[in-house]
$ cat protein36.txt   # compact mmCIF, C-alpha atoms
# COMPACT_ATOMS: atom_id res chain seq x y z
CA MET U 1 6.64 68.01 -108.14
CA ASP U 2 6.61 65.41 -110.91
CA GLN U 3 2.93 65.89 -111.58
CA GLU U 4 2.95 69.66 -111.23
CA LEU U 5 3.91 72.14 -113.89
CA HIS U 6 7.59 72.85 -113.51
CA TYR U 7 10.73 73.77 -115.38
CA TYR U 8 14.47 73.51 -114.91
CA ASP U 9 16.48 76.57 -114.00
CA ILE U 10 20.21 76.39 -114.75
CA SER U 11 22.62 78.85 -113.15
CA PHE U 12 26.12 78.41 -114.47
CA ARG U 13 29.63 79.76 -114.54
CA ARG U 14 32.16 79.27 -117.31
CA THR U 15 35.11 80.07 -115.05
CA GLU U 16 35.72 80.05 -111.30
CA ARG U 17 35.21 83.79 -110.90
CA GLY U 18 33.25 84.42 -114.05
CA PRO U 19 29.79 85.98 -114.25
CA LEU U 20 26.73 83.93 -113.52
CA GLY U 21 24.77 82.83 -116.55
CA VAL U 22 21.23 81.57 -116.67
CA ALA U 23 19.30 79.15 -118.85
CA ARG U 24 15.91 77.56 -118.45
CA ARG U 25 14.52 74.39 -119.99
CA THR U 26 11.13 72.73 -119.84
CA ASP U 27 12.29 69.11 -119.51
CA MET U 28 15.26 67.04 -118.38
CA ASP U 29 16.12 65.90 -121.92
CA SER U 30 16.63 69.52 -122.89
CA VAL U 31 18.77 70.05 -119.79
CA ILE U 32 20.96 67.11 -120.76
CA GLN U 33 21.17 68.45 -124.30
CA TRP U 34 22.27 71.83 -122.92
CA LEU U 35 24.90 70.15 -120.75
CA ARG U 36 26.24 68.25 -123.75
CA GLU U 37 26.42 71.41 -125.82
CA ASN U 38 28.39 73.04 -123.01
CA GLU U 39 30.61 70.10 -122.14
CA GLY U 40 34.10 71.26 -121.20
CA ARG U 41 32.98 74.88 -120.99
CA LEU U 42 31.47 74.87 -117.49
CA ASN U 43 33.11 75.43 -114.13
CA MET U 44 29.87 75.07 -112.18
CA ALA U 45 26.23 74.50 -112.97
CA LEU U 46 23.39 74.58 -110.48
CA ILE U 47 20.17 73.03 -111.77
CA MET U 48 17.00 73.68 -109.82
CA VAL U 49 13.49 72.40 -110.41
CA MET U 50 11.19 75.40 -110.24
CA PRO U 51 7.42 75.27 -109.88
CA GLY U 52 5.19 76.94 -112.44
CA GLU U 53 5.43 77.84 -116.08
CA MET U 54 8.83 78.56 -117.57
CA PRO U 55 9.37 82.31 -118.01
CA ASN U 56 9.84 83.37 -121.60
CA ILE U 57 13.34 84.73 -121.04
CA PRO U 58 16.25 83.96 -123.38
CA ASP U 59 19.42 82.33 -122.11
CA LYS U 60 22.00 84.75 -120.79
CA GLU U 61 25.72 84.29 -120.43
CA SER U 62 25.82 86.89 -117.66
CA ILE U 63 23.22 88.50 -115.45
CA THR U 64 25.57 91.13 -114.05
CA MET V 1 -5.85 75.18 -91.36
CA ASN V 2 -2.24 74.04 -91.54
CA ASN V 3 0.68 75.76 -89.82
CA TYR V 4 1.65 77.73 -92.93
CA GLU V 5 -1.86 79.10 -93.29
CA LYS V 6 -2.03 79.77 -89.55
CA TYR V 7 1.20 81.73 -89.29
CA THR V 8 0.80 83.66 -92.54
CA SER V 9 -2.77 84.66 -91.71
CA SER V 10 -1.57 87.98 -90.29
CA PRO V 11 1.64 89.88 -89.50
CA GLU V 12 0.79 89.48 -85.81
CA MET V 13 0.77 85.67 -86.09
CA MET V 14 4.04 85.74 -88.01
CA GLU V 15 5.56 88.04 -85.39
CA LYS V 16 4.49 85.61 -82.68
CA LEU V 17 6.14 82.74 -84.55
CA LEU V 18 9.36 84.66 -85.18
CA LYS V 19 9.65 85.62 -81.51
CA GLU V 20 9.39 81.97 -80.57
CA VAL V 21 12.04 80.86 -83.03
CA SER V 22 15.34 80.22 -81.29
CA THR V 23 18.31 80.55 -83.60
CA LYS V 24 21.98 81.32 -83.35
CA ALA V 25 21.93 82.77 -86.84
CA GLU V 26 21.67 86.52 -87.28
CA LYS V 27 18.00 87.42 -87.45
CA PRO V 28 16.80 89.40 -90.48
CA TRP V 29 15.22 92.07 -88.25
CA GLU V 30 18.58 92.52 -86.50
CA ILE V 31 20.30 92.87 -89.86
CA ALA V 32 17.68 95.42 -90.93
CA PHE V 33 18.04 97.31 -87.63
CA ASN V 34 21.81 97.52 -88.01
CA ARG V 35 21.61 98.64 -91.63
CA ILE V 36 18.95 101.28 -91.01
CA PHE V 37 19.87 102.71 -87.62
CA CYS V 38 23.45 101.72 -86.81
CA HIS V 39 24.94 102.47 -90.20
CA GLU V 40 25.85 106.08 -89.51
CA CYS V 41 25.39 106.15 -85.74
CA GLU V 42 28.21 107.72 -83.74
CA HIS V 43 27.19 106.30 -80.37
CA ASP V 44 28.88 103.26 -78.95
CA THR V 45 26.94 102.98 -75.71
CA CYS V 46 23.75 101.44 -77.07
CA PRO V 47 21.20 100.47 -75.94
CA ASP V 48 21.41 103.24 -73.28
CA VAL V 49 21.28 106.14 -75.72
CA CYS V 50 19.67 104.58 -78.79
CA PRO V 51 16.54 106.50 -79.86
CA HIS V 52 15.42 103.48 -81.87
CA GLU V 53 15.66 100.97 -79.06
CA GLU V 54 11.99 100.00 -79.40
CA TYR V 55 12.79 98.49 -82.81
CA ARG V 56 15.72 96.36 -81.64
CA ASP V 57 15.01 92.62 -81.74
CA ASN V 58 11.51 93.48 -82.89
CA PRO V 59 10.24 91.22 -85.70
CA GLY V 60 6.93 93.11 -85.68
CA TRP V 61 8.72 96.30 -86.75
CA TRP V 62 10.64 94.38 -89.42
CA LEU V 63 7.47 92.81 -90.78
CA GLY V 64 6.19 96.32 -91.42
CA LEU V 65 9.11 96.98 -93.75
CA GLU V 66 9.04 95.99 -97.39
CA ALA V 67 11.45 93.12 -96.76
CA GLY V 68 9.17 91.78 -94.07
CA ILE V 69 6.06 92.20 -96.20
CA CYS V 70 7.77 90.30 -99.01
CA MET V 71 8.23 87.39 -96.65
CA LEU V 72 4.48 87.10 -96.26
CA THR V 73 3.49 87.49 -99.88
CA LYS V 74 3.97 85.95 -103.30
CA LYS V 75 6.37 88.80 -103.96
CA GLY V 76 8.54 87.20 -101.32
CA GLU V 77 8.67 84.04 -103.38
CA LYS V 78 9.74 86.03 -106.40
CA ILE V 79 12.70 87.49 -104.59
CA GLY V 80 13.57 84.11 -103.14
CA TRP V 81 14.85 81.30 -105.30
CA TYR V 82 13.57 83.04 -108.42
CA SER V 83 16.19 85.69 -107.85
CA GLN V 84 19.37 85.11 -109.83
CA TYR V 85 21.27 87.10 -107.26
CA LYS V 86 20.25 84.67 -104.55
CA LYS V 87 21.21 81.78 -106.82
CA GLU V 88 24.55 83.46 -107.39
CA ASP V 89 25.12 83.41 -103.65
CA LEU V 90 24.29 79.71 -103.60
CA VAL V 91 26.59 79.00 -106.55
CA ASN V 92 29.35 80.91 -104.77
CA LYS V 93 28.95 78.65 -101.75
CA LEU V 94 28.54 75.38 -103.63
CA SER V 95 31.30 75.92 -106.15
CA PRO V 96 34.21 75.57 -103.69
CA ILE V 97 32.54 72.46 -102.25
CA GLU V 98 32.27 70.99 -105.74
CA HIS V 99 35.86 71.80 -106.66
CA GLU V 100 37.81 71.69 -103.40
CA ALA V 101 36.02 69.44 -100.92
CA GLU V 102 37.48 66.17 -102.25
CA GLU V 103 41.06 67.43 -102.00
CA ILE V 104 40.49 68.85 -98.53
CA LEU V 105 38.94 65.62 -97.30
CA GLU V 106 41.85 63.62 -98.75
CA GLN V 107 44.29 65.88 -96.92
CA ILE V 108 42.46 65.37 -93.66
CA CYS V 109 42.40 61.60 -94.13
CA GLU V 110 46.01 61.24 -95.17
CA LYS V 111 47.72 63.86 -93.04
CA ARG V 112 45.54 64.41 -89.99
CA CYS V 113 44.01 61.01 -89.24
CA ALA V 114 45.58 59.45 -86.15
CA PHE V 115 44.76 55.97 -87.40
CA ARG V 116 47.12 56.41 -90.37
CA ARG V 117 50.21 56.09 -88.20
CA PRO V 118 51.36 54.27 -85.06
CA PRO V 119 50.36 53.63 -82.37
CA LEU V 120 46.78 53.59 -83.66
CA LEU V 121 47.55 52.21 -87.12
CA PRO V 122 45.36 49.10 -87.58
CA GLU V 123 47.02 45.78 -88.30
CA SER V 124 44.86 44.97 -91.31
CA GLN V 125 43.21 46.81 -94.19
CA GLU V 126 39.89 45.37 -93.05
CA ASP V 127 40.27 47.04 -89.66
CA MET V 128 41.21 50.29 -91.41
CA ASP V 129 38.15 50.05 -93.66
CA ALA V 130 35.95 49.53 -90.61
CA ILE V 131 37.39 52.63 -88.94
CA CYS V 132 36.87 54.65 -92.12
CA GLU V 133 33.33 53.38 -92.41
CA ASP V 134 32.48 54.80 -88.98
CA CYS V 135 34.45 58.01 -89.46
CA PRO V 136 32.39 61.22 -89.47
CA MET V 137 34.59 62.52 -92.30
CA ASN V 138 33.37 59.61 -94.39
CA ARG V 139 29.79 60.55 -93.60
CA LEU V 140 30.55 64.15 -94.51
CA ALA V 141 32.04 63.01 -97.84
CA GLN V 142 28.92 61.00 -98.59
CA LEU V 143 26.75 63.93 -97.59
CA ILE V 144 28.37 66.31 -100.05
CA GLY V 145 28.82 63.62 -102.70
CA VAL V 146 32.58 63.31 -103.10
$ encode --input "protein36.txt" --output "structure tokens"
Amino acid sequence: MDQELHYYDISFRRTERGPLGVARRTDMDSVIQWLRENEGRLNMALIMVMPGEMPNIPDKESIT
Amino acid sequence: MNNYEKYTSSPEMMEKLLKEVSTKAEKPWEIAFNRIFCHECEHDTCPDVCPHEEYRDNPGWWLGLEAGICMLTKKGEKIGWYSQYKKEDLVNKLSPIEHEAEEILEQICEKRCAFRRPPLLPESQEDMDAICEDCPMNRLAQLIGV
């Protein structure tokens, strides 16, 4: 996975029963930056390494 | 040819594989059968009277449906972990583990563990640590990272 093209997919919730948000970043530094920007405002974040090129989709606070 | 290539070479090969899989979990073709045929059925004496009996426990039939076709194609990947709705399901399951597992495990250790009170209470902290080290709850805690 390290050598292959990949990106980081972040699914997150601000509150326990809040809507699911989504963000994507190309590298781990950007993920860490995102986490710092959202420090104290996250109930849960699931970060997955996804194969392929990052989709050109803007961050969303809610997908529902 | 590896196993993936072998079993995804045709729906028939995939059907053969699925029939051989032994699982206690609900099979997707059973879920599909129930949703399609049992949803509005008034009979309660199946399989005696079911006109769709040939499709019951039939992965070949299920593979002919769109859901089954997706499993064999790139489209299936797209509705897998690329799907936010599937991730939402995962977040729903992981979130309570993240937020509640530590407290639950502490309650089990402190209130339910027989070694915390006589007659099994160890004489020394070292003995207690050794018991905890071998405890399956300790392994579970390590497994889920609390």
$ interface_residues --input "protein36.txt" --of "chain V" --to "chain U" --cutoff "7 Å" --atoms "all atoms listed in the file" --output "list of chain:residue names"
V:Glu88, V:Val91, V:Ser95
$ write_last_selection --input "protein36.txt" --atoms "C-alpha atoms" --output "mmCIF file, in the frame of the given file"
data_model
loop_
_atom_site.group_PDB
_atom_site.id
_atom_site.type_symbol
_atom_site.label_atom_id
_atom_site.label_comp_id
_atom_site.auth_asym_id
_atom_site.auth_seq_id
_atom_site.Cartn_x
_atom_site.Cartn_y
_atom_site.Cartn_z
ATOM 1 C CA GLU V 88 24.550 83.460 -107.390
ATOM 2 C CA VAL V 91 26.590 79.000 -106.550
ATOM 3 C CA SER V 95 31.300 75.920 -106.150
#
$ atom_distance --input "protein36.txt" --atom1 "atom CA of V:Ser124" --atom2 "atom CA of V:Asn138"
18.9 Å
$ atom_distance --input "protein36.txt" --atom1 "atom CA of U:Glu53" --atom2 "atom CA of U:His6"
6.0 Å
$ atom_distance --input "protein36.txt" --atom1 "atom CA of U:Asn56" --atom2 "atom CA of U:Gln33"
18.9 Å
$ closest_residue --input "protein36.txt" --among "U:Tyr8, U:Gly18, U:Val49, U:Asp59" --to "U:Val31" --atoms "all atoms listed in the file"
U:Tyr8
$ residues_around --input "protein36.txt" --residues "U:Pro51" --least-positions-apart "4" --cutoff "8 Å" --atoms "only C-alpha atoms" --output "PyMOL selection string"
chain U and resi 1+4-7
$ closest_residue --input "protein36.txt" --among "U:Ser30, U:Arg41, U:Arg25, U:Leu35" --to "U:Pro55" --atoms "only C-alpha atoms"
U:Arg25
$ closest_residue --input "protein36.txt" --among "V:Phe115, V:Ala141, V:Lys93, V:Ser10" --to "V:Asp129" --atoms "only C-alpha atoms"
V:Phe115
$ residues_near_point --input "protein36.txt" --point "(15.2, 93.8, -79.4)" --cutoff "12 Å" --atoms "only C-alpha atoms" --output "PDB file with C-alpha atoms, in the coordinates of the input"
ATOM      1  CA  LYS V  19       9.650  85.620 -81.510  1.00  0.00           C
ATOM      2  CA  LYS V  27      18.000  87.420 -87.450  1.00  0.00           C
ATOM      3  CA  TRP V  29      15.220  92.070 -88.250  1.00  0.00           C
ATOM      4  CA  GLU V  30      18.580  92.520 -86.500  1.00  0.00           C
ATOM      5  CA  ILE V  31      20.300  92.870 -89.860  1.00  0.00           C
ATOM      6  CA  ALA V  32      17.680  95.420 -90.930  1.00  0.00           C
ATOM      7  CA  PHE V  33      18.040  97.310 -87.630  1.00  0.00           C
ATOM      8  CA  ASN V  34      21.810  97.520 -88.010  1.00  0.00           C
ATOM      9  CA  CYS V  46      23.750 101.440 -77.070  1.00  0.00           C
ATOM     10  CA  PRO V  47      21.200 100.470 -75.940  1.00  0.00           C
ATOM     11  CA  CYS V  50      19.670 104.580 -78.790  1.00  0.00           C
ATOM     12  CA  HIS V  52      15.420 103.480 -81.870  1.00  0.00           C
ATOM     13  CA  GLU V  53      15.660 100.970 -79.060  1.00  0.00           C
ATOM     14  CA  GLU V  54      11.990 100.000 -79.400  1.00  0.00           C
ATOM     15  CA  TYR V  55      12.790  98.490 -82.810  1.00  0.00           C
ATOM     16  CA  ARG V  56      15.720  96.360 -81.640  1.00  0.00           C
ATOM     17  CA  ASP V  57      15.010  92.620 -81.740  1.00  0.00           C
ATOM     18  CA  ASN V  58      11.510  93.480 -82.890  1.00  0.00           C
ATOM     19  CA  PRO V  59      10.240  91.220 -85.700  1.00  0.00           C
ATOM     20  CA  GLY V  60       6.930  93.110 -85.680  1.00  0.00           C
ATOM     21  CA  TRP V  61       8.720  96.300 -86.750  1.00  0.00           C
ATOM     22  CA  TRP V  62      10.640  94.380 -89.420  1.00  0.00           C
TER      23      TRP V  62
END
$ residues_around --input "protein36.txt" --residues "V:Cys109" --least-positions-apart "5" --cutoff "12 Å" --atoms "all atoms listed in the file" --output "list in words"
Glu102, Glu103, Ile104, Ala114, Phe115, Arg116, Arg117, Met128, Ile131, Cys132, Cys135, Pro136, Met137, Asn138 and Ala141 of chain V
$ write_last_selection --input "protein36.txt" --atoms "C-alpha atoms" --output "PDB file, keeping the file's coordinate frame"
ATOM      1  CA  GLU V 102      37.480  66.170-102.250  1.00  0.00           C
ATOM      2  CA  GLU V 103      41.060  67.430-102.000  1.00  0.00           C
ATOM      3  CA  ILE V 104      40.490  68.850 -98.530  1.00  0.00           C
ATOM      4  CA  ALA V 114      45.580  59.450 -86.150  1.00  0.00           C
ATOM      5  CA  PHE V 115      44.760  55.970 -87.400  1.00  0.00           C
ATOM      6  CA  ARG V 116      47.120  56.410 -90.370  1.00  0.00           C
ATOM      7  CA  ARG V 117      50.210  56.090 -88.200  1.00  0.00           C
ATOM      8  CA  MET V 128      41.210  50.290 -91.410  1.00  0.00           C
ATOM      9  CA  ILE V 131      37.390  52.630 -88.940  1.00  0.00           C
ATOM     10  CA  CYS V 132      36.870  54.650 -92.120  1.00  0.00           C
ATOM     11  CA  CYS V 135      34.450  58.010 -89.460  1.00  0.00           C
ATOM     12  CA  PRO V 136      32.390  61.220 -89.470  1.00  0.00           C
ATOM     13  CA  MET V 137      34.590  62.520 -92.300  1.00  0.00           C
ATOM     14  CA  ASN V 138      33.370  59.610 -94.390  1.00  0.00           C
ATOM     15  CA  ALA V 141      32.040  63.010 -97.840  1.00  0.00           C
TER      16      ALA V 141
END
$ decode --input "protein36.txt" --residues "stretch 49-62 of chain V" --atoms "N, CA, C and O atoms" --output "PDB file, in the first residue's frame"
ATOM      1  N   VAL V  49     -45.525 -24.486   0.888  1.00  0.00           N
ATOM      2  CA  VAL V  49     -46.396 -23.792  -0.060  1.00  0.00           C
ATOM      3  C   VAL V  49     -45.686 -22.678  -0.829  1.00  0.00           C
ATOM      4  O   VAL V  49     -46.308 -21.999  -1.638  1.00  0.00           O
ATOM      5  N   CYS V  50     -44.405 -22.502  -0.594  1.00  0.00           N
ATOM      6  CA  CYS V  50     -43.707 -21.362  -1.198  1.00  0.00           C
ATOM      7  C   CYS V  50     -43.500 -21.584  -2.706  1.00  0.00           C
ATOM      8  O   CYS V  50     -42.863 -22.558  -3.110  1.00  0.00           O
ATOM      9  N   PRO V  51     -44.028 -20.667  -3.535  1.00  0.00           N
ATOM     10  CA  PRO V  51     -43.831 -20.809  -4.985  1.00  0.00           C
ATOM     11  C   PRO V  51     -42.415 -20.428  -5.428  1.00  0.00           C
ATOM     12  O   PRO V  51     -42.072 -20.599  -6.597  1.00  0.00           O
ATOM     13  N   HIS V  52     -41.642 -19.897  -4.515  1.00  0.00           N
ATOM     14  CA  HIS V  52     -40.287 -19.451  -4.858  1.00  0.00           C
ATOM     15  C   HIS V  52     -39.216 -20.333  -4.223  1.00  0.00           C
ATOM     16  O   HIS V  52     -38.066 -19.920  -4.079  1.00  0.00           O
ATOM     17  N   GLU V  53     -39.632 -21.539  -3.839  1.00  0.00           N
ATOM     18  CA  GLU V  53     -38.746 -22.405  -3.078  1.00  0.00           C
ATOM     19  C   GLU V  53     -37.419 -22.679  -3.785  1.00  0.00           C
ATOM     20  O   GLU V  53     -36.386 -22.867  -3.155  1.00  0.00           O
ATOM     21  N   GLU V  54     -37.481 -22.701  -5.131  1.00  0.00           N
ATOM     22  CA  GLU V  54     -36.251 -23.008  -5.885  1.00  0.00           C
ATOM     23  C   GLU V  54     -35.158 -21.957  -5.665  1.00  0.00           C
ATOM     24  O   GLU V  54     -33.984 -22.193  -5.920  1.00  0.00           O
ATOM     25  N   TYR V  55     -35.561 -20.766  -5.196  1.00  0.00           N
ATOM     26  CA  TYR V  55     -34.579 -19.699  -4.992  1.00  0.00           C
ATOM     27  C   TYR V  55     -34.028 -19.671  -3.562  1.00  0.00           C
ATOM     28  O   TYR V  55     -33.101 -18.940  -3.269  1.00  0.00           O
ATOM     29  N   ARG V  56     -34.646 -20.437  -2.674  1.00  0.00           N
ATOM     30  CA  ARG V  56     -34.206 -20.420  -1.276  1.00  0.00           C
ATOM     31  C   ARG V  56     -32.818 -21.065  -1.151  1.00  0.00           C
ATOM     32  O   ARG V  56     -32.555 -22.106  -1.733  1.00  0.00           O
ATOM     33  N   ASP V  57     -31.969 -20.432  -0.374  1.00  0.00           N
ATOM     34  CA  ASP V  57     -30.592 -20.903  -0.176  1.00  0.00           C
ATOM     35  C   ASP V  57     -29.918 -21.193  -1.516  1.00  0.00           C
ATOM     36  O   ASP V  57     -29.279 -22.238  -1.690  1.00  0.00           O
ATOM     37  N   ASN V  58     -30.090 -20.274  -2.444  1.00  0.00           N
ATOM     38  CA  ASN V  58     -29.600 -20.469  -3.802  1.00  0.00           C
ATOM     39  C   ASN V  58     -28.695 -19.294  -4.205  1.00  0.00           C
ATOM     40  O   ASN V  58     -29.168 -18.285  -4.742  1.00  0.00           O
ATOM     41  N   PRO V  59     -27.389 -19.400  -3.942  1.00  0.00           N
ATOM     42  CA  PRO V  59     -26.496 -18.288  -4.287  1.00  0.00           C
ATOM     43  C   PRO V  59     -26.439 -18.008  -5.786  1.00  0.00           C
ATOM     44  O   PRO V  59     -26.177 -16.889  -6.198  1.00  0.00           O
ATOM     45  N   GLY V  60     -26.737 -19.034  -6.599  1.00  0.00           N
ATOM     46  CA  GLY V  60     -26.740 -18.833  -8.044  1.00  0.00           C
ATOM     47  C   GLY V  60     -27.823 -17.843  -8.461  1.00  0.00           C
ATOM     48  O   GLY V  60     -27.605 -16.972  -9.305  1.00  0.00           O
ATOM     49  N   TRP V  61     -29.005 -17.997  -7.845  1.00  0.00           N
ATOM     50  CA  TRP V  61     -30.095 -17.041  -8.113  1.00  0.00           C
ATOM     51  C   TRP V  61     -29.684 -15.635  -7.670  1.00  0.00           C
ATOM     52  O   TRP V  61     -29.861 -14.665  -8.400  1.00  0.00           O
ATOM     53  N   TRP V  62     -29.091 -15.548  -6.491  1.00  0.00           N
ATOM     54  CA  TRP V  62     -28.698 -14.245  -5.944  1.00  0.00           C
ATOM     55  C   TRP V  62     -27.629 -13.582  -6.818  1.00  0.00           C
ATOM     56  O   TRP V  62     -27.671 -12.362  -7.036  1.00  0.00           O
TER      57      TRP V  62
END
